[in-house]
>>> print(open('target_32.tsv').read())   # TSV, C-alpha atoms
chain	number	residue	atom	x	y	z
A	136	MET	CA	-47.63	16.88	8.16
A	137	ARG	CA	-44.74	18.34	10.14
A	138	SER	CA	-41.84	16.10	11.09
A	139	ARG	CA	-41.07	15.49	14.75
A	140	ALA	CA	-37.83	17.45	14.28
A	141	VAL	CA	-39.71	20.51	13.04
A	142	GLU	CA	-42.23	20.29	15.91
A	143	LEU	CA	-39.40	20.26	18.44
A	144	LEU	CA	-37.63	23.12	16.70
A	145	LEU	CA	-40.75	25.29	16.77
A	146	ALA	CA	-41.21	24.44	20.43
A	147	GLY	CA	-37.67	25.64	21.11
A	148	THR	CA	-36.45	22.30	22.41
A	149	LEU	CA	-34.41	21.07	19.46
A	150	CYS	CA	-30.77	21.87	18.84
A	151	LEU	CA	-29.60	20.13	15.70
A	152	ALA	CA	-26.00	18.99	15.91
A	153	LEU	CA	-23.75	16.56	14.09
A	154	PRO	CA	-23.44	13.27	15.97
A	155	ALA	CA	-20.08	12.31	17.44
A	156	ARG	CA	-18.36	9.28	15.90
A	157	GLY	CA	-16.23	7.28	18.34
A	158	ALA	CA	-13.33	8.58	20.40
A	159	GLU	CA	-12.49	12.13	19.44
A	160	SER	CA	-10.29	14.98	20.59
A	161	PRO	CA	-11.50	18.61	20.61
A	162	VAL	CA	-11.15	20.45	17.31
A	163	GLY	CA	-9.91	23.99	16.85
A	164	PHE	CA	-10.48	26.21	13.84
A	165	ARG	CA	-8.80	29.32	12.51
A	166	VAL	CA	-8.33	31.13	9.23
A	167	ILE	CA	-5.04	32.20	7.66
A	168	GLN	CA	-5.25	34.91	5.03
A	169	LYS	CA	-2.21	35.32	2.81
A	170	ARG	CA	-1.39	36.58	-0.65
A	171	ASP	CA	0.79	34.73	-3.09
A	172	THR	CA	2.76	37.71	-4.36
A	173	THR	CA	4.31	35.57	-7.11
A	174	ARG	CA	0.90	35.19	-8.78
A	175	ALA	CA	-1.00	38.38	-9.42
A	176	ILE	CA	-4.52	38.21	-10.82
A	177	LYS	CA	-6.59	40.87	-12.53
A	178	SER	CA	-8.63	41.69	-9.43
A	179	ALA	CA	-5.60	41.54	-7.12
A	180	PRO	CA	-2.39	42.81	-8.76
A	181	GLU	CA	-0.73	42.83	-5.34
A	182	GLY	CA	-0.96	39.04	-5.16
A	183	ARG	CA	-3.40	36.16	-5.40
A	184	PRO	CA	-5.57	36.04	-2.24
A	185	ILE	CA	-5.65	32.61	-0.61
A	186	GLN	CA	-7.88	32.09	2.40
A	187	ILE	CA	-6.68	28.99	4.23
A	188	ALA	CA	-9.20	27.32	6.55
A	189	VAL	CA	-7.37	25.30	9.21
A	190	TRP	CA	-8.69	22.62	11.56
A	191	TYR	CA	-6.46	21.11	14.23
A	192	PRO	CA	-6.46	18.94	17.37
A	193	ALA	CA	-7.11	21.25	20.32
A	194	LYS	CA	-6.51	21.13	24.05
A	195	PRO	CA	-9.46	19.96	26.15
A	196	ALA	CA	-11.13	23.07	27.53
A	197	LYS	CA	-14.56	24.47	28.16
A	198	ALA	CA	-15.40	26.87	25.36
A	199	ALA	CA	-17.97	29.62	25.23
A	200	ALA	CA	-21.00	28.81	23.12
A	201	SER	CA	-20.21	31.83	20.95
A	202	SER	CA	-16.90	30.20	19.95
A	203	LEU	CA	-18.57	27.09	18.54
A	204	MET	CA	-18.62	27.10	14.76
A	205	ARG	CA	-22.02	26.80	13.17
A	206	TYR	CA	-22.82	25.94	9.59
A	207	ARG	CA	-23.62	29.60	8.90
A	208	ASP	CA	-20.14	30.61	10.12
A	209	TYR	CA	-18.49	28.37	7.53
A	210	MET	CA	-20.82	29.76	4.88
A	211	ALA	CA	-19.88	33.34	5.79
A	212	LEU	CA	-16.19	32.66	5.19
A	213	GLY	CA	-16.85	32.84	1.47
A	214	LEU	CA	-17.69	36.53	1.76
A	215	SER	CA	-14.13	37.42	2.70
A	216	GLU	CA	-12.17	35.04	0.48
A	217	LYS	CA	-10.94	37.75	-1.88
A	218	SER	CA	-11.01	40.91	0.22
A	219	PHE	CA	-9.87	39.40	3.56
A	220	ALA	CA	-12.17	42.01	5.18
A	221	PRO	CA	-14.68	40.83	7.82
A	222	PRO	CA	-18.11	40.61	6.19
A	223	SER	CA	-20.69	43.14	7.31
A	224	PRO	CA	-23.85	41.91	9.07
A	225	GLY	CA	-25.81	43.09	6.06
A	226	SER	CA	-23.77	41.05	3.60
A	227	VAL	CA	-24.08	37.96	5.79
A	228	GLU	CA	-27.85	38.36	6.01
A	229	GLN	CA	-28.07	38.85	2.25
A	230	MET	CA	-26.07	35.67	1.68
A	231	LEU	CA	-28.26	33.73	4.09
A	232	GLY	CA	-31.38	35.15	2.47
A	233	GLU	CA	-30.28	33.89	-0.92
A	234	TYR	CA	-29.55	30.48	0.60
A	235	ARG	CA	-33.00	30.39	2.21
A	236	LYS	CA	-34.56	31.10	-1.21
A	237	PHE	CA	-32.49	28.32	-2.75
A	238	LEU	CA	-33.59	25.87	-0.05
A	239	ALA	CA	-37.22	26.93	-0.44
A	240	ALA	CA	-37.01	26.28	-4.18
A	241	THR	CA	-35.91	22.70	-3.44
A	242	GLY	CA	-38.85	22.16	-1.10
A	243	VAL	CA	-37.15	22.78	2.26
A	244	GLU	CA	-39.57	24.29	4.78
A	245	SER	CA	-38.64	27.51	6.53
A	246	ALA	CA	-38.19	25.93	9.97
A	247	ASP	CA	-35.93	23.24	8.53
A	248	ALA	CA	-33.87	25.86	6.69
A	249	GLU	CA	-33.33	27.92	9.84
A	250	ALA	CA	-32.31	24.85	11.81
A	251	LEU	CA	-29.88	23.83	9.08
A	252	ILE	CA	-28.24	27.26	8.90
A	253	ALA	CA	-27.81	27.32	12.68
A	254	THR	CA	-26.54	23.73	13.00
A	255	PRO	CA	-23.70	23.55	15.56
A	256	MET	CA	-20.58	21.98	14.09
A	257	ARG	CA	-17.70	20.56	16.13
A	258	ALA	CA	-14.87	23.06	15.81
A	259	ILE	CA	-14.11	25.78	18.36
A	260	ARG	CA	-12.92	29.05	16.86
A	261	GLU	CA	-9.31	29.87	17.88
A	262	ALA	CA	-9.17	27.06	20.45
A	263	PRO	CA	-5.68	26.49	21.96
A	264	ALA	CA	-3.86	23.89	19.88
A	265	ALA	CA	-2.79	20.60	21.37
A	266	GLU	CA	0.93	20.17	21.93
A	267	GLY	CA	3.14	18.92	19.13
A	268	SER	CA	2.90	18.71	15.37
A	269	PHE	CA	0.43	16.63	13.39
A	270	PRO	CA	0.27	14.85	10.03
A	271	LEU	CA	-1.04	17.22	7.39
A	272	VAL	CA	-4.00	16.68	5.08
A	273	LEU	CA	-4.81	19.23	2.39
A	274	LEU	CA	-8.38	19.50	1.11
A	275	ALA	CA	-9.25	20.52	-2.44
A	276	PRO	CA	-12.97	21.37	-2.76
A	277	GLY	CA	-14.96	21.00	-5.95
A	278	ASN	CA	-15.76	23.63	-8.55
A	279	ALA	CA	-17.08	26.83	-6.91
A	280	GLN	CA	-16.88	25.22	-3.47
A	281	SER	CA	-15.23	26.47	-0.32
A	282	ALA	CA	-14.56	25.69	3.36
A	283	GLU	CA	-18.21	25.02	4.16
A	284	ASP	CA	-18.25	22.11	1.72
A	285	MET	CA	-15.25	20.38	3.33
A	286	ALA	CA	-15.95	21.31	6.97
A	287	ALA	CA	-17.55	18.06	8.18
A	288	LEU	CA	-14.72	15.94	6.75
A	289	ALA	CA	-12.10	18.37	8.06
A	290	GLU	CA	-13.55	18.32	11.58
A	291	GLU	CA	-13.66	14.52	11.55
A	292	LEU	CA	-10.01	14.26	10.50
A	293	ALA	CA	-8.84	16.88	13.01
A	294	ALA	CA	-10.73	15.08	15.78
A	295	HIS	CA	-8.60	12.03	15.00
A	296	GLY	CA	-5.20	13.68	15.04
A	297	PHE	CA	-4.69	15.39	11.68
A	298	LEU	CA	-3.88	18.99	10.87
A	299	VAL	CA	-6.23	19.86	8.03
A	300	ALA	CA	-6.17	22.82	5.65
A	301	SER	CA	-8.52	23.77	2.83
A	302	VAL	CA	-8.33	26.46	0.15
A	303	PRO	CA	-11.24	27.78	-1.92
A	304	SER	CA	-11.96	26.52	-5.40
A	305	PRO	CA	-9.85	28.47	-7.91
A	306	THR	CA	-13.03	29.57	-9.66
A	307	ARG	CA	-13.89	31.58	-6.53
A	308	ILE	CA	-10.56	33.40	-6.77
A	309	SER	CA	-9.80	33.99	-10.43
A	310	GLY	CA	-13.22	33.52	-11.99
A	311	PRO	CA	-15.36	30.69	-13.36
A	312	MET	CA	-14.45	28.29	-16.10
A	313	GLN	CA	-15.86	29.21	-19.49
A	314	SER	CA	-15.66	25.68	-20.86
A	315	GLU	CA	-14.06	22.29	-20.19
A	316	ALA	CA	-11.00	23.59	-22.01
A	317	ASP	CA	-10.20	25.57	-18.85
A	318	ILE	CA	-9.81	22.40	-16.75
A	319	PRO	CA	-6.01	22.12	-17.09
A	320	GLU	CA	-5.40	25.75	-16.09
A	321	LYS	CA	-7.80	25.66	-13.13
A	322	ALA	CA	-6.39	22.36	-11.88
A	323	ASP	CA	-2.92	23.90	-12.04
A	324	GLU	CA	-4.12	26.94	-10.08
A	325	GLN	CA	-5.69	24.81	-7.37
A	326	ALA	CA	-2.68	22.52	-7.03
A	327	THR	CA	-0.45	25.58	-6.67
A	328	ASP	CA	-2.82	27.06	-4.06
A	329	LEU	CA	-2.58	23.81	-2.07
A	330	GLY	CA	1.21	23.95	-2.16
A	331	PHE	CA	1.09	27.55	-1.00
A	332	ALA	CA	-1.17	26.54	1.92
A	333	ARG	CA	1.26	23.85	2.96
A	334	ARG	CA	4.12	26.31	3.11
A	335	ALA	CA	1.99	28.82	5.03
A	336	LEU	CA	1.42	26.29	7.81
A	337	GLY	CA	5.14	25.90	8.41
A	338	SER	CA	6.16	23.99	11.53
A	339	GLN	CA	2.57	23.39	12.59
A	340	ALA	CA	2.56	20.39	10.26
A	341	ARG	CA	4.66	17.31	10.85
A	342	GLU	CA	7.52	17.07	8.40
A	343	GLY	CA	7.43	14.44	5.70
A	344	ARG	CA	4.42	12.63	4.30
A	345	ILE	CA	1.18	14.48	3.66
A	346	GLY	CA	-2.24	13.51	2.34
A	347	VAL	CA	-4.48	15.29	-0.17
A	348	VAL	CA	-8.24	14.85	-0.48
A	349	GLY	CA	-10.16	16.25	-3.44
A	350	HIS	CA	-13.88	16.36	-4.05
A	351	SER	CA	-15.23	16.54	-7.59
A	352	PHE	CA	-13.01	18.95	-9.59
A	353	GLY	CA	-10.61	19.14	-6.63
A	354	ALA	CA	-9.46	15.56	-7.18
A	355	ARG	CA	-7.72	16.74	-10.35
A	356	ALA	CA	-5.67	19.23	-8.34
A	357	ALA	CA	-4.94	16.56	-5.72
A	358	VAL	CA	-3.45	14.22	-8.32
A	359	LEU	CA	-1.53	17.06	-9.95
A	360	LEU	CA	-0.01	18.04	-6.59
A	361	ALA	CA	1.03	14.43	-5.99
A	362	MET	CA	2.84	14.47	-9.33
A	363	ARG	CA	4.75	17.59	-8.27
A	364	ASP	CA	5.45	16.88	-4.61
A	365	SER	CA	7.02	13.58	-3.56
A	366	ASP	CA	5.90	14.18	0.05
A	367	VAL	CA	2.31	13.46	-1.00
A	368	ALA	CA	1.88	9.91	0.30
A	369	ALA	CA	-1.86	9.46	-0.22
A	370	VAL	CA	-4.54	10.90	-2.51
A	371	ALA	CA	-8.24	10.44	-1.80
A	372	SER	CA	-10.73	11.30	-4.55
A	373	LEU	CA	-14.31	11.79	-3.36
A	374	ASP	CA	-16.44	11.35	-6.47
A	375	GLY	CA	-13.58	13.11	-8.20
A	376	GLY	CA	-13.43	14.25	-11.80
A	377	ILE	CA	-10.41	11.98	-12.34
A	378	GLY	CA	-12.87	9.08	-12.53
A	379	ALA	CA	-15.68	10.66	-14.55
A	380	LYS	CA	-16.55	10.91	-18.23
A	381	THR	CA	-17.06	14.67	-17.91
A	382	GLY	CA	-13.77	16.38	-18.70
A	383	ALA	CA	-12.01	13.09	-19.43
A	384	GLY	CA	-8.63	13.46	-21.12
A	385	LEU	CA	-8.09	17.11	-20.17
A	386	LEU	CA	-6.09	16.87	-16.94
A	387	GLU	CA	-3.31	15.30	-18.98
A	388	LYS	CA	-2.80	18.71	-20.61
A	389	ALA	CA	-2.10	20.47	-17.29
A	390	ARG	CA	1.31	21.88	-16.48
A	391	GLY	CA	3.40	19.32	-14.61
A	392	PHE	CA	1.19	16.34	-15.42
A	393	SER	CA	3.24	13.14	-15.42
A	394	LYS	CA	1.89	9.62	-14.99
A	395	GLU	CA	5.39	8.45	-14.12
A	396	ARG	CA	5.56	10.81	-11.13
A	397	MET	CA	2.21	9.71	-9.70
A	398	ARG	CA	3.32	7.13	-7.16
A	399	ALA	CA	1.13	7.98	-4.19
A	400	PRO	CA	-1.57	5.41	-3.33
A	401	LEU	CA	-4.97	6.53	-4.64
A	402	LEU	CA	-8.39	5.97	-3.11
A	403	HIS	CA	-11.27	6.84	-5.46
A	404	VAL	CA	-14.79	6.68	-4.02
A	405	TYR	CA	-17.53	7.17	-6.59
A	406	GLU	CA	-21.29	6.95	-7.14
A	407	GLU	CA	-23.48	5.95	-10.05
A	408	LEU	CA	-26.64	7.95	-9.26
A	409	ASP	CA	-25.87	11.28	-10.96
A	410	PRO	CA	-25.44	11.27	-14.79
A	411	GLN	CA	-22.93	14.16	-14.77
A	412	MET	CA	-20.53	11.96	-12.75
A	413	ALA	CA	-20.87	8.84	-14.91
A	414	PRO	CA	-17.71	6.81	-14.20
A	415	ASP	CA	-14.78	6.59	-16.57
A	416	PHE	CA	-11.69	5.03	-14.98
A	417	THR	CA	-9.36	5.39	-17.97
A	418	LEU	CA	-7.09	7.89	-16.25
A	419	ILE	CA	-7.06	6.06	-12.93
A	420	ARG	CA	-6.22	2.74	-14.58
A	421	SER	CA	-3.35	4.42	-16.44
A	422	LEU	CA	-1.72	5.57	-13.18
A	423	ASP	CA	-0.15	2.15	-12.81
A	424	ARG	CA	2.77	3.16	-10.63
A	425	SER	CA	0.32	3.60	-7.76
A	426	ASP	CA	-1.76	1.20	-5.75
A	427	ARG	CA	-5.35	2.24	-6.42
A	428	TRP	CA	-8.66	1.40	-4.81
A	429	LEU	CA	-11.98	1.96	-6.58
A	430	ILE	CA	-14.88	2.07	-4.11
A	431	ARG	CA	-18.51	2.43	-5.14
A	432	ALA	CA	-20.77	4.13	-2.61
A	433	GLY	CA	-24.22	3.01	-3.63
A	434	ALA	CA	-26.39	5.39	-1.58
A	435	LEU	CA	-24.58	8.70	-2.11
A	436	HIS	CA	-25.33	11.38	-4.67
A	437	HIS	CA	-22.52	13.72	-5.71
A	438	ILE	CA	-23.60	16.39	-3.21
A	439	HIS	CA	-23.47	13.87	-0.36
A	440	PHE	CA	-19.67	13.72	-0.63
A	441	THR	CA	-19.59	17.22	0.94
A	442	THR	CA	-20.71	18.53	4.33
A	443	ILE	CA	-24.27	18.08	3.08
A	444	GLY	CA	-23.76	14.33	3.43
A	445	ALA	CA	-23.25	14.80	7.16
A	446	LEU	CA	-26.07	17.31	7.59
A	447	VAL	CA	-28.64	14.99	6.00
A	448	ALA	CA	-28.66	13.08	9.29
A	449	VAL	CA	-29.90	16.12	11.22
A	450	SER	CA	-31.91	18.03	8.62
A	451	PRO	CA	-35.28	16.66	7.49
A	452	GLY	CA	-35.40	19.22	4.69
A	453	LEU	CA	-32.06	18.21	3.22
A	454	PHE	CA	-33.08	14.57	3.36
A	455	LYS	CA	-35.85	15.25	0.85
A	456	ALA	CA	-34.15	17.97	-1.17
A	457	THR	CA	-31.04	15.87	-1.91
A	458	SER	CA	-32.92	12.63	-2.68
A	459	ALA	CA	-31.35	10.96	0.35
A	460	THR	CA	-32.51	7.55	1.56
A	461	GLU	CA	-32.24	5.71	4.85
A	462	GLU	CA	-28.94	4.33	3.56
A	463	THR	CA	-27.35	7.72	2.86
A	464	SER	CA	-26.14	8.48	6.39
A	465	PRO	CA	-24.60	5.00	6.89
A	466	ALA	CA	-22.91	5.39	3.51
A	467	TRP	CA	-21.53	8.81	4.55
A	468	ALA	CA	-20.17	7.26	7.75
A	469	ALA	CA	-18.57	4.47	5.73
A	470	LEU	CA	-17.02	7.07	3.42
A	471	LEU	CA	-15.51	8.85	6.43
A	472	ASP	CA	-14.19	5.59	7.86
A	473	ALA	CA	-12.54	4.60	4.58
A	474	THR	CA	-10.99	8.03	4.02
A	475	GLU	CA	-9.71	8.36	7.58
A	476	SER	CA	-8.35	4.81	7.61
A	477	PHE	CA	-6.60	5.34	4.27
A	478	LEU	CA	-4.96	8.59	5.38
A	479	GLY	CA	-4.03	7.09	8.73
A	480	ALA	CA	-2.26	4.15	7.12
A	481	PHE	CA	-0.35	6.06	4.46
A	482	VAL	CA	0.25	9.41	6.16
A	483	ALA	CA	0.08	9.04	9.96
A	484	GLN	CA	1.44	5.54	10.53
A	485	PRO	CA	4.90	4.07	9.81
A	486	PRO	CA	5.37	3.27	6.11
A	487	GLU	CA	5.65	-0.46	6.76
A	488	ASP	CA	2.08	-0.49	8.13
A	489	ALA	CA	0.69	0.88	4.88
A	490	ALA	CA	1.44	-2.31	2.94
A	491	ARG	CA	-1.15	-4.14	5.02
A	492	TRP	CA	-3.94	-1.58	4.56
A	493	GLN	CA	-7.36	-2.73	3.46
A	494	PRO	CA	-10.52	-0.60	3.27
A	495	PRO	CA	-12.81	-1.11	6.28
A	496	GLU	CA	-15.51	-3.67	5.54
A	497	SER	CA	-18.88	-2.08	4.91
A	498	ARG	CA	-22.05	-3.23	3.20
A	499	GLU	CA	-22.41	0.34	1.86
A	500	LEU	CA	-19.18	0.14	-0.17
A	501	ARG	CA	-17.99	-2.13	-2.99
A	502	VAL	CA	-14.21	-2.31	-3.37
A	503	GLU	CA	-11.90	-3.10	-6.29
A	504	LYS	CA	-8.12	-2.89	-5.90
A	505	LEU	CA	-5.79	-2.03	-8.78
A	506	PRO	CA	-2.24	-2.83	-7.61
A	507	ALA	CA	0.75	-0.99	-8.99
A	508	SER	CA	2.16	-2.90	-11.95
A	509	ARG	CA	5.55	-1.21	-12.28
>>> encode(input="target_32.tsv", output="structure tokens")
Amino acid sequence: MRSRAVELLLAGTLCLALPARGAESPVGFRVIQKRDTTRAIKSAPEGRPIQIAVWYPAKPAKAAASSLMRYRDYMALGLSEKSFAPPSPGSVEQMLGEYRKFLAATGVESADAEALIATPMRAIREAPAAEGSFPLVLLAPGNAQSAEDMAALAEELAAHGFLVASVPSPTRISGPMQSEADIPEKADEQATDLGFARRALGSQAREGRIGVVGHSFGARAAVLLAMRDSDVAAVASLDGGIGAKTGAGLLEKARGFSKERMRAPLLHVYEELDPQMAPDFTLIRSLDRSDRWLIRAGALHHIHFTTIGALVAVSPGLFKATSATEETSPAWAALLDATESFLGAFVAQPPEDAARWQPPESRELRVEKLPASR
């Protein structure tokens, strides 16, 4: 039996879109493409290519429908990450075709897949930026992930006053990991890419404290950057590898790793549904110069910590394919609230306000605080 959403889509009356959450400002989006000439790689001896996706508070203005970012637009960014050349229509269609096949293999019907690919997001391409500078948040996606995976979170943060920048997973730039032994090197690469992105933004970002959010593998790079850069005032780990049994004990081998230099408050949100992310808090508990919060999100699978977690609310196919439940969307909203509140307290607000921060109350989240002990 077809869902009501599919019936409306086929009738041409449905336009799937992410729901707004409270008071928001318009969001702009642009891409910065730069090469780090201090780090050549085999495929780019002229310098490591770093595609920086940037979301920012924008001026209120009526925008053309063609300027509105759709999910497919974020997906297409991955085609130009290394070459910086605009993707051809043929390459975009090939990429979308492969994604349709993937969705079909997970049981997503064709109509649902088309609606998902065309989902309107919130950002307006090249929208005029609002006046002033804004607190900066850097996003570190998980292994093999890119801008599309962080887009929903980035748009939410930009709508609430942050300048947000994301870089691709290092495995998309310099090649995949061959084994867990590559974790230290790849975490180092990603942390360095994040630092490069910060410098590329220049005066667009407010001086001083910044936040870093990492999903999955990206949380390792987020912690590593905090150990290197004293301006990092908050680290949020979204089902991050820093709290999982997989790869445990390897980040400590990365260049620049130092428990003593990790002083930024740490928010780690995790799940217990996926075996590959089975929790292990040994590393987090050892970072005892930081205030740390461990938050269990009971209704989220690992994939729901990405943009997919937002799209579940508007895509019947994803709901089934990702084993979502009726509690998944409320849990995603609670995750956003906790992350935004945490970054607001420690990055955007005066430092004295941070001491009073507590995670927003939610029946979807279970909280444990580990205060700094030294």
>>> closest_residue(input="target_32.tsv", among="A:Leu238, A:Asp472, A:Ala262, A:Glu159", to="Lys197 (chain A)", atoms="all atoms listed in the file")
A:Ala262
>>> closest_residue(input="target_32.tsv", among="A:Pro319, A:Ala287, A:Gln325, A:Lys388", to="Ala468 (chain A)", atoms="all atoms listed in the file")
A:Ala287
>>> residues_near_point(input="target_32.tsv", point="(-20.2, 4.0, -9.3)", cutoff="9 Å", atoms="all atoms listed in the file", output="list in words")
Asp374, Val404, Tyr405, Glu406, Glu407, Leu408, Met412, Ala413, Pro414, Leu429, Ile430, Arg431, Ala432 and Gly433 of chain A
>>> residues_near_point(input="target_32.tsv", point="(0.8, 6.8, 10.0)", cutoff="12 Å", atoms="all atoms listed in the file", output="number ranges by chain")
A: 269-271, 295-297, 341, 343-346, 368-369, 475-490, 492
>>> residues_around(input="target_32.tsv", residues="Tyr191 (chain A)", least_positions_apart="4", cutoff="10 Å", atoms="all atoms listed in the file", output="list in words")
Ser160, Pro161, Val162, Gly163, Phe164, Arg165, Ala258, Ile259, Glu261, Ala262, Pro263, Ala264, Ala265, Ser268, Phe269, Leu271, Ala289, Glu290, Leu292, Ala293, Ala294, His295, Gly296, Phe297, Leu298, Val299, Ala300, Gln339 and Ala340 of chain A
>>> residues_around(input="target_32.tsv", residues="Arg307 (chain A)", least_positions_apart="3", cutoff="6 Å", atoms="all atoms listed in the file", output="list in words")
Ala279, Ser304 and Gly310 of chain A
>>> write_last_selection(input="target_32.tsv", atoms="C-alpha atoms", output="PDB file, in the frame of the given file")
ATOM      1  CA  ALA A 279     -17.080  26.830  -6.910  1.00  0.00           C
ATOM      2  CA  SER A 304     -11.960  26.520  -5.400  1.00  0.00           C
ATOM      3  CA  GLY A 310     -13.220  33.520 -11.990  1.00  0.00           C
TER       4      GLY A 310
END
>>> atom_distance(input="target_32.tsv", atom1="CA of Asp423 (chain A)", atom2="CA of Leu273 (chain A)")
23.3 Å
>>> axis_aligned_box(input="target_32.tsv", around="region 315-325 of chain A", padding_each_side="3 Å", output="AutoDock Vina command-line options")
--center_x -8.5 --center_y 24.5 --center_z -14.7 --size_x 17.1 --size_y 10.8 --size_z 20.6
>>> closest_atom_pairs(input="target_32.tsv", of="region 346-463 of chain A", to="region 206-219 of chain A", cutoff="12 Å", atoms="only C-alpha atoms", output="tab-separated table")
residue	atom	partner	partner_atom	distance
A:Thr442	CA	A:Tyr206	CA	9.3
A:Ile443	CA	A:Tyr206	CA	10.3
A:Ala445	CA	A:Tyr206	CA	11.4
A:Leu446	CA	A:Tyr206	CA	9.4
>>> write_last_selection(input="target_32.tsv", atoms="C-alpha atoms", output="mmCIF file, in the coordinates of the input")
data_model
loop_
_atom_site.group_PDB
_atom_site.id
_atom_site.type_symbol
_atom_site.label_atom_id
_atom_site.label_comp_id
_atom_site.auth_asym_id
_atom_site.auth_seq_id
_atom_site.Cartn_x
_atom_site.Cartn_y
_atom_site.Cartn_z
ATOM 1 C CA THR A 442 -20.710 18.530 4.330
ATOM 2 C CA ILE A 443 -24.270 18.080 3.080
ATOM 3 C CA ALA A 445 -23.250 14.800 7.160
ATOM 4 C CA LEU A 446 -26.070 17.310 7.590
#
>>> atom_distance(input="target_32.tsv", atom1="CA of Ala469 (chain A)", atom2="CA of Arg498 (chain A)")
8.8 Å
>>> build_atoms(input="target_32.tsv", residues="region 299-310 of chain A", atoms="N, CA and C atoms", output="tab-separated table (two decimals), in the frame of the given file")
chain	number	residue	atom	x	y	z
A	299	VAL	N	-5.50	19.85	9.30
A	299	VAL	CA	-6.23	19.86	8.03
A	299	VAL	C	-6.33	21.29	7.52
A	300	ALA	N	-6.07	21.48	6.24
A	300	ALA	CA	-6.17	22.82	5.65
A	300	ALA	C	-6.89	22.73	4.31
A	301	SER	N	-7.77	23.70	4.07
A	301	SER	CA	-8.52	23.77	2.83
A	301	SER	C	-8.37	25.15	2.20
A	302	VAL	N	-8.34	25.19	0.88
A	302	VAL	CA	-8.33	26.46	0.15
A	302	VAL	C	-9.58	26.50	-0.72
A	303	PRO	N	-10.05	27.69	-1.08
A	303	PRO	CA	-11.24	27.78	-1.92
A	303	PRO	C	-10.98	27.23	-3.32
A	304	SER	N	-12.06	26.87	-3.98
A	304	SER	CA	-11.96	26.52	-5.40
A	304	SER	C	-11.32	27.67	-6.16
A	305	PRO	N	-10.47	27.38	-7.14
A	305	PRO	CA	-9.85	28.47	-7.91
A	305	PRO	C	-10.86	29.32	-8.65
A	306	THR	N	-12.02	28.77	-8.95
A	306	THR	CA	-13.03	29.57	-9.66
A	306	THR	C	-13.61	30.66	-8.76
A	307	ARG	N	-13.44	30.54	-7.46
A	307	ARG	CA	-13.89	31.58	-6.53
A	307	ARG	C	-12.84	32.68	-6.40
A	308	ILE	N	-11.64	32.42	-6.88
A	308	ILE	CA	-10.56	33.40	-6.77
A	308	ILE	C	-10.33	34.13	-8.08
A	309	SER	N	-10.17	33.38	-9.15
A	309	SER	CA	-9.80	33.99	-10.43
A	309	SER	C	-10.92	33.98	-11.46
A	310	GLY	N	-12.09	33.49	-11.07
A	310	GLY	CA	-13.22	33.52	-11.99
A	310	GLY	C	-13.61	32.15	-12.48
